[in-house]
Amino acid sequence: MVRVKSFVLPVLALAILSASFWYSTGWLQLCAGLALFLFGMQCLEEGLKELAGSRLEQLLERSTATPLKGLMFGVGGTMILQSTTLMSLLTIAFISTGLIHLAGGISILLGINLGTSGGIWLLAAAGQNFSLSPLALPLLVFGVLAGFSSPKGKAFGRIVLGIAFIFLGIDQIKSGFTEFGSVIDLAGPMDGSFTVQLSFVAIGLVLTAILQSSHATLMLVLAALAGGQIELWQGIAIAIGGNIGSSVTTAFVGWLGGNRSGQRLALVHALFNILTGLGTFLLLSPLTWVSQALMGVFGAGDNTLLQLAMFQTLFNGIGVLLFWPWQKQLERGLRRVLPDRKEPAVLITDATTGPRNLVEQRDLPESHARYLNEAALASVDTASRAVVQELQHLGRLSLEVICHALYQPVEQLISREVDEARLDARPDETEGLDTEDLYRRHIKVVYSDLLGFMSRLDTTKDEDHQQFWMTCQMAALQLVDAVKDAKALQKNLGRYLRDERSLAHEHYMELRRHLLWVLRQVREVGGLEVPDDVWRNRLDWVDSEAAKFDSGFRHRIFSDVRKGQLNNLQASSLMHDLGYSVRITQSFRNVLQLGLADGDELLREVRRLGSDDDDSPLIRA
């Protein structure tokens, strides 16, 4: 039933829209102009992102050293990309993945709002007095020709095509309003009461929510002003609603897609435009008069388009002046209102609630990816950091699942000292969690989320990051393989650990003790903050100790077989399970070595497999 409704509603909306086109040519031209304008904005944004590559993100990271630098970057980036939504979501993504601090994000966000004014000045100055189509036609030709060249040429061609479609959209919107003006004409006598003004603010908010672009809303307002369908105060009220609408939709996406830091910045964005919009709405008449007076000084007292652009500049300028002195206080307040989530010491807490049968265990909740969200897909750099954070998360889960496979609580892994009595204890029949189920509910789900996230990134256009993604995929596979080996090991381990009369009991106790030592070493070595040569020496020492154990364990098995203390079947099981132990050790070693060979600092963070996420440099930022 739900599927039928979800299918019928879009079809019904398309049918109504198609019928409206049949009855009104002006409405058709207006909608076509909006479609061209929005498509041009999309082409422009995509082309600029492809052309810049990761340089935009690198510049952003360097541009938050001071609040003024952050402000100027926000202004410049918004004027280049001509999209407050894109810049805001990028900033939320960068702060969510630790590229920038909250203070730097606030200053950039203020710059983004100030930079919005540049777009409306360009649209107003483009004028409604001459056609832009003659300029658009040759741009279309040049843009298509550029698309047949190199990848950079294709990106440049997409930018040119975006500008051409924006020009064509502006002309179509003008023509649509000229013909559609007889149907909608609000410029006549109208009560300018508080309620009526508020209704125009609501119109702007709804338009922006539908179009998902405050620039498109302003373009409609400019065209309506040029065609005489609305008055200046009405256009200003709609512009206020458009600003509030853009911040609310962006904040909603950022809130859902970002972590706690991203949610704080999304809240700042909403607060800025809502409070500034409320203040300017209450001062609508005086600010309208100021806008007209200022443009009169420049000889444009009769140009309502430029007066609207001036009001938009005053709107954002007043907001920046109000928020600028309070940035530090705002940051502290946000940290109190939205405090950091406390990272649990143990991720898989199934064992703390007592033994369960297999049916009850399968009803327990699953783990899911923590850092792979829509905001992280805003750029290659944010996606890379999100993947590294998720690999750390998968690493912690892997260590805990293997610990449960050894019939040991996770506290044996994270505590400073091993509980020897607990390590030597024999598990009873009801003790321990089924590793197959743990793998399905915790490892497989997160691994699938990782692969799905990386598949959404088009790495063919970025050769520099192709090797990075391949390495991350291999790291995830190594962690999954380690858990699979522990899953295969658990069956014999549980059988022989419970049977103290078996000749193989002591050998499996020894194997469990060794594997727990390996897990503790992986966790400790991964969190070391020492020079590379010291760190490599420590890892080599772990390797040598593990190799000594493997050799000695094999020797003891064969010796006991010769003495008749082990039969051939038990020796075969021990040798087979020793192989699982060796593969688990090697899998973790491969992950720990990431980034050492090519000097990739980001990949090196993956080795923090057992560290609490709050301790990670990626999270501290």
# chains A, B, ... in the order shown; residues from 1 in each chain; ligands from 1

call {"tool": "residues_around", "arguments": {"residues": "A:Gly153", "least_positions_apart": "6", "cutoff": "10 Å", "atoms": "only C-alpha atoms", "output": "number ranges by chain"}}
result
A: 47, 51, 143, 145-147, 159

call {"tool": "write_last_selection", "arguments": {"atoms": "C-alpha atoms", "output": "JSON list (two decimals), in the first residue's frame"}}
result
[["chain", "number", "residue", "atom", "x", "y", "z"],
["A", 47, "GLY", "CA", 32.71, 21.87, -12.61],
["A", 51, "LEU", "CA", 38.59, 21.59, -11.43],
["A", 143, "GLY", "CA", 31.49, 24.32, -23.23],
["A", 145, "LEU", "CA", 33.88, 21.49, -27.30],
["A", 146, "ALA", "CA", 35.84, 21.63, -24.03],
["A", 147, "GLY", "CA", 34.07, 18.44, -22.94],
["A", 159, "ILE", "CA", 31.70, 25.54, -15.75]]

call {"tool": "closest_atom_pairs", "arguments": {"of": "stretch 248-344 of chain A", "to": "stretch 215-236 of chain A", "cutoff": "7 Å", "atoms": "only C-alpha atoms", "output": "Markdown table"}}
result
| residue | atom | partner | partner_atom | distance |
| --- | --- | --- | --- | --- |
| A:Thr288 | CA | A:Trp233 | CA | 6.9 |
| A:Thr304 | CA | A:Leu232 | CA | 6.2 |
| A:Leu305 | CA | A:Leu222 | CA | 6.0 |
| A:Leu308 | CA | A:Ile236 | CA | 6.3 |

call {"tool": "residues_around", "arguments": {"residues": "stretch 519-530 of chain A", "least_positions_apart": "3", "cutoff": "8 Å", "atoms": "only C-alpha atoms", "output": "PDB file with N, CA, C and O atoms, in the first residue's frame"}}
result
ATOM      1  N   LEU A 399      38.649  -6.382  17.231  1.00  0.00           N
ATOM      2  CA  LEU A 399      39.379  -6.818  18.424  1.00  0.00           C
ATOM      3  C   LEU A 399      38.422  -7.377  19.482  1.00  0.00           C
ATOM      4  O   LEU A 399      38.717  -8.392  20.129  1.00  0.00           O
ATOM      5  N   CYS A 403      38.113 -11.181  20.904  1.00  0.00           N
ATOM      6  CA  CYS A 403      38.237 -11.398  22.350  1.00  0.00           C
ATOM      7  C   CYS A 403      37.103 -12.302  22.844  1.00  0.00           C
ATOM      8  O   CYS A 403      37.319 -13.222  23.639  1.00  0.00           O
ATOM      9  N   LEU A 413      41.065  -7.138  27.469  1.00  0.00           N
ATOM     10  CA  LEU A 413      41.785  -6.490  26.374  1.00  0.00           C
ATOM     11  C   LEU A 413      42.185  -5.062  26.721  1.00  0.00           C
ATOM     12  O   LEU A 413      43.276  -4.607  26.375  1.00  0.00           O
ATOM     13  N   ILE A 414      41.313  -4.329  27.423  1.00  0.00           N
ATOM     14  CA  ILE A 414      41.527  -2.894  27.612  1.00  0.00           C
ATOM     15  C   ILE A 414      42.104  -2.544  28.980  1.00  0.00           C
ATOM     16  O   ILE A 414      42.554  -1.418  29.190  1.00  0.00           O
ATOM     17  N   LEU A 515      47.042 -15.601  21.965  1.00  0.00           N
ATOM     18  CA  LEU A 515      46.216 -14.730  21.116  1.00  0.00           C
ATOM     19  C   LEU A 515      45.756 -13.485  21.877  1.00  0.00           C
ATOM     20  O   LEU A 515      45.695 -12.383  21.305  1.00  0.00           O
ATOM     21  N   LEU A 516      45.432 -13.628  23.150  1.00  0.00           N
ATOM     22  CA  LEU A 516      45.068 -12.452  23.935  1.00  0.00           C
ATOM     23  C   LEU A 516      46.255 -11.503  24.046  1.00  0.00           C
ATOM     24  O   LEU A 516      46.097 -10.275  23.979  1.00  0.00           O
ATOM     25  N   VAL A 534      61.330   3.991  15.994  1.00  0.00           N
ATOM     26  CA  VAL A 534      61.038   3.367  17.288  1.00  0.00           C
ATOM     27  C   VAL A 534      59.783   2.507  17.181  1.00  0.00           C
ATOM     28  O   VAL A 534      59.728   1.383  17.697  1.00  0.00           O
ATOM     29  N   TRP A 535      58.767   3.037  16.496  1.00  0.00           N
ATOM     30  CA  TRP A 535      57.511   2.308  16.339  1.00  0.00           C
ATOM     31  C   TRP A 535      57.725   1.011  15.541  1.00  0.00           C
ATOM     32  O   TRP A 535      57.202  -0.044  15.901  1.00  0.00           O
ATOM     33  N   ARG A 538      59.378  -1.649  17.649  1.00  0.00           N
ATOM     34  CA  ARG A 538      58.430  -2.279  18.576  1.00  0.00           C
ATOM     35  C   ARG A 538      57.581  -3.313  17.833  1.00  0.00           C
ATOM     36  O   ARG A 538      57.344  -4.413  18.346  1.00  0.00           O
ATOM     37  N   LEU A 539      57.129  -2.981  16.623  1.00  0.00           N
ATOM     38  CA  LEU A 539      56.329  -3.924  15.851  1.00  0.00           C
ATOM     39  C   LEU A 539      57.159  -5.146  15.460  1.00  0.00           C
ATOM     40  O   LEU A 539      56.658  -6.282  15.498  1.00  0.00           O
ATOM     41  N   VAL A 542      57.311  -7.487  18.380  1.00  0.00           N
ATOM     42  CA  VAL A 542      56.067  -8.263  18.503  1.00  0.00           C
ATOM     43  C   VAL A 542      56.084  -9.418  17.507  1.00  0.00           C
ATOM     44  O   VAL A 542      55.715 -10.555  17.833  1.00  0.00           O
ATOM     45  N   PHE A 588      46.437  -8.291  11.407  1.00  0.00           N
ATOM     46  CA  PHE A 588      46.574  -7.065  12.185  1.00  0.00           C
ATOM     47  C   PHE A 588      47.902  -6.367  11.901  1.00  0.00           C
ATOM     48  O   PHE A 588      47.968  -5.134  11.883  1.00  0.00           O
ATOM     49  N   ARG A 589      48.945  -7.143  11.680  1.00  0.00           N
ATOM     50  CA  ARG A 589      50.232  -6.528  11.356  1.00  0.00           C
ATOM     51  C   ARG A 589      50.138  -5.742  10.054  1.00  0.00           C
ATOM     52  O   ARG A 589      50.683  -4.642   9.932  1.00  0.00           O
ATOM     53  N   LEU A 592      48.441  -2.486  10.758  1.00  0.00           N
ATOM     54  CA  LEU A 592      49.274  -1.576  11.543  1.00  0.00           C
ATOM     55  C   LEU A 592      50.328  -0.870  10.696  1.00  0.00           C
ATOM     56  O   LEU A 592      50.749   0.244  11.007  1.00  0.00           O
ATOM     57  N   ARG A 607      45.874   2.631  12.160  1.00  0.00           N
ATOM     58  CA  ARG A 607      46.480   1.674  13.091  1.00  0.00           C
ATOM     59  C   ARG A 607      46.004   1.878  14.532  1.00  0.00           C
ATOM     60  O   ARG A 607      46.270   1.027  15.384  1.00  0.00           O
ATOM     61  N   ARG A 608      45.310   2.974  14.803  1.00  0.00           N
ATOM     62  CA  ARG A 608      44.779   3.187  16.153  1.00  0.00           C
ATOM     63  C   ARG A 608      43.530   2.319  16.342  1.00  0.00           C
ATOM     64  O   ARG A 608      42.446   2.802  16.658  1.00  0.00           O
ATOM     65  N   LEU A 609      43.708   1.019  16.145  1.00  0.00           N
ATOM     66  CA  LEU A 609      42.569   0.101  16.125  1.00  0.00           C
ATOM     67  C   LEU A 609      41.906  -0.042  17.479  1.00  0.00           C
ATOM     68  O   LEU A 609      40.690  -0.152  17.568  1.00  0.00           O
ATOM     69  N   GLY A 610      42.704  -0.046  18.514  1.00  0.00           N
ATOM     70  CA  GLY A 610      42.114  -0.303  19.823  1.00  0.00           C
ATOM     71  C   GLY A 610      41.936   0.930  20.654  1.00  0.00           C
ATOM     72  O   GLY A 610      41.446   0.857  21.772  1.00  0.00           O
ATOM     73  N   SER A 611      42.346   2.103  20.143  1.00  0.00           N
ATOM     74  CA  SER A 611      42.247   3.322  20.939  1.00  0.00           C
ATOM     75  C   SER A 611      40.819   3.812  20.951  1.00  0.00           C
ATOM     76  O   SER A 611      40.078   3.641  19.995  1.00  0.00           O
TER      77      SER A 611
END

call {"tool": "closest_residue", "arguments": {"among": "A:Asp437, A:Asp532, A:Asp171, A:Glu46", "to": "A:Pro365", "atoms": "only C-alpha atoms"}}
result
A:Asp437

call {"tool": "closest_residue", "arguments": {"among": "A:Lys444, A:His393, A:Lys548, A:His404", "to": "A:Gln490", "atoms": "only C-alpha atoms"}}
result
A:His404

call {"tool": "select_by_dssp", "arguments": {"residues": "stretch 270-417 of chain A", "states": "helix (DSSP H, G or I)", "output": "PyMOL selection string"}}
result
chain A and resi 270-282+284-297+304-337+350-353+358-362+375-378+380-405+411-414

call {"tool": "residues_around", "arguments": {"residues": "A:Val387", "least_positions_apart": "3", "cutoff": "8 Å", "atoms": "only C-alpha atoms", "output": "NGL selection string"}}
result
:A and (371-372 or 383-384 or 390-391 or 450 or 472)

call {"tool": "residues_around", "arguments": {"residues": "A:Cys43", "least_positions_apart": "5", "cutoff": "10 Å", "atoms": "only C-alpha atoms", "output": "MDAnalysis selection string"}}
result
chainID A and resid 37:38 48:49 155 157:166

call {"tool": "write_last_selection", "arguments": {"atoms": "N, CA and C atoms", "output": "PDB file, in the first residue's frame"}}
result
ATOM      1  N   PHE A  37      18.030  27.554 -14.939  1.00  0.00           N
ATOM      2  CA  PHE A  37      18.835  28.269 -13.944  1.00  0.00           C
ATOM      3  C   PHE A  37      19.413  27.300 -12.914  1.00  0.00           C
ATOM      4  N   LEU A  38      18.576  26.409 -12.385  1.00  0.00           N
ATOM      5  CA  LEU A  38      19.040  25.449 -11.377  1.00  0.00           C
ATOM      6  C   LEU A  38      20.036  24.461 -11.963  1.00  0.00           C
ATOM      7  N   LEU A  48      33.407  23.395 -10.847  1.00  0.00           N
ATOM      8  CA  LEU A  48      34.387  24.036  -9.966  1.00  0.00           C
ATOM      9  C   LEU A  48      34.991  23.020  -8.994  1.00  0.00           C
ATOM     10  N   LYS A  49      34.165  22.103  -8.486  1.00  0.00           N
ATOM     11  CA  LYS A  49      34.689  21.089  -7.566  1.00  0.00           C
ATOM     12  C   LYS A  49      35.663  20.149  -8.266  1.00  0.00           C
ATOM     13  N   ALA A 155      36.045  19.594 -16.975  1.00  0.00           N
ATOM     14  CA  ALA A 155      35.569  20.354 -15.818  1.00  0.00           C
ATOM     15  C   ALA A 155      35.390  21.820 -16.174  1.00  0.00           C
ATOM     16  N   GLY A 157      34.810  22.968 -19.175  1.00  0.00           N
ATOM     17  CA  GLY A 157      33.656  23.031 -20.064  1.00  0.00           C
ATOM     18  C   GLY A 157      32.350  22.992 -19.296  1.00  0.00           C
ATOM     19  N   ARG A 158      32.308  22.227 -18.195  1.00  0.00           N
ATOM     20  CA  ARG A 158      31.087  22.168 -17.387  1.00  0.00           C
ATOM     21  C   ARG A 158      30.815  23.502 -16.720  1.00  0.00           C
ATOM     22  N   ILE A 159      31.876  24.201 -16.332  1.00  0.00           N
ATOM     23  CA  ILE A 159      31.704  25.544 -15.752  1.00  0.00           C
ATOM     24  C   ILE A 159      31.117  26.490 -16.795  1.00  0.00           C
ATOM     25  N   VAL A 160      31.659  26.455 -18.008  1.00  0.00           N
ATOM     26  CA  VAL A 160      31.175  27.324 -19.080  1.00  0.00           C
ATOM     27  C   VAL A 160      29.718  26.998 -19.409  1.00  0.00           C
ATOM     28  N   LEU A 161      29.395  25.717 -19.470  1.00  0.00           N
ATOM     29  CA  LEU A 161      28.014  25.322 -19.729  1.00  0.00           C
ATOM     30  C   LEU A 161      27.090  25.795 -18.608  1.00  0.00           C
ATOM     31  N   GLY A 162      27.565  25.723 -17.380  1.00  0.00           N
ATOM     32  CA  GLY A 162      26.758  26.196 -16.260  1.00  0.00           C
ATOM     33  C   GLY A 162      26.424  27.670 -16.389  1.00  0.00           C
ATOM     34  N   ILE A 163      27.425  28.474 -16.747  1.00  0.00           N
ATOM     35  CA  ILE A 163      27.182  29.908 -16.932  1.00  0.00           C
ATOM     36  C   ILE A 163      26.193  30.145 -18.075  1.00  0.00           C
ATOM     37  N   ALA A 164      26.347  29.386 -19.161  1.00  0.00           N
ATOM     38  CA  ALA A 164      25.439  29.534 -20.305  1.00  0.00           C
ATOM     39  C   ALA A 164      23.999  29.200 -19.913  1.00  0.00           C
ATOM     40  N   PHE A 165      23.803  28.111 -19.202  1.00  0.00           N
ATOM     41  CA  PHE A 165      22.450  27.729 -18.790  1.00  0.00           C
ATOM     42  C   PHE A 165      21.864  28.738 -17.802  1.00  0.00           C
ATOM     43  N   ILE A 166      22.697  29.316 -16.946  1.00  0.00           N
ATOM     44  CA  ILE A 166      22.209  30.356 -16.031  1.00  0.00           C
ATOM     45  C   ILE A 166      21.717  31.561 -16.828  1.00  0.00           C
TER      46      ILE A 166
END

call {"tool": "residues_around", "arguments": {"residues": "stretch 321-331 of chain A", "least_positions_apart": "5", "cutoff": "8 Å", "atoms": "only C-alpha atoms", "output": "list of chain:residue names"}}
result
A:Leu102, A:Ala103, A:Ile106, A:Ser107, A:Leu110, A:Phe272

call {"tool": "closest_residue", "arguments": {"among": "A:Met41, A:Leu30, A:Leu205, A:Ile274", "to": "A:Gly245", "atoms": "only C-alpha atoms"}}
result
A:Leu205

call {"tool": "residues_around", "arguments": {"residues": "A:Leu271", "least_positions_apart": "3", "cutoff": "10 Å", "atoms": "only C-alpha atoms", "output": "number ranges by chain"}}
result
A: 244, 247-248, 251, 265-268, 274-277, 323
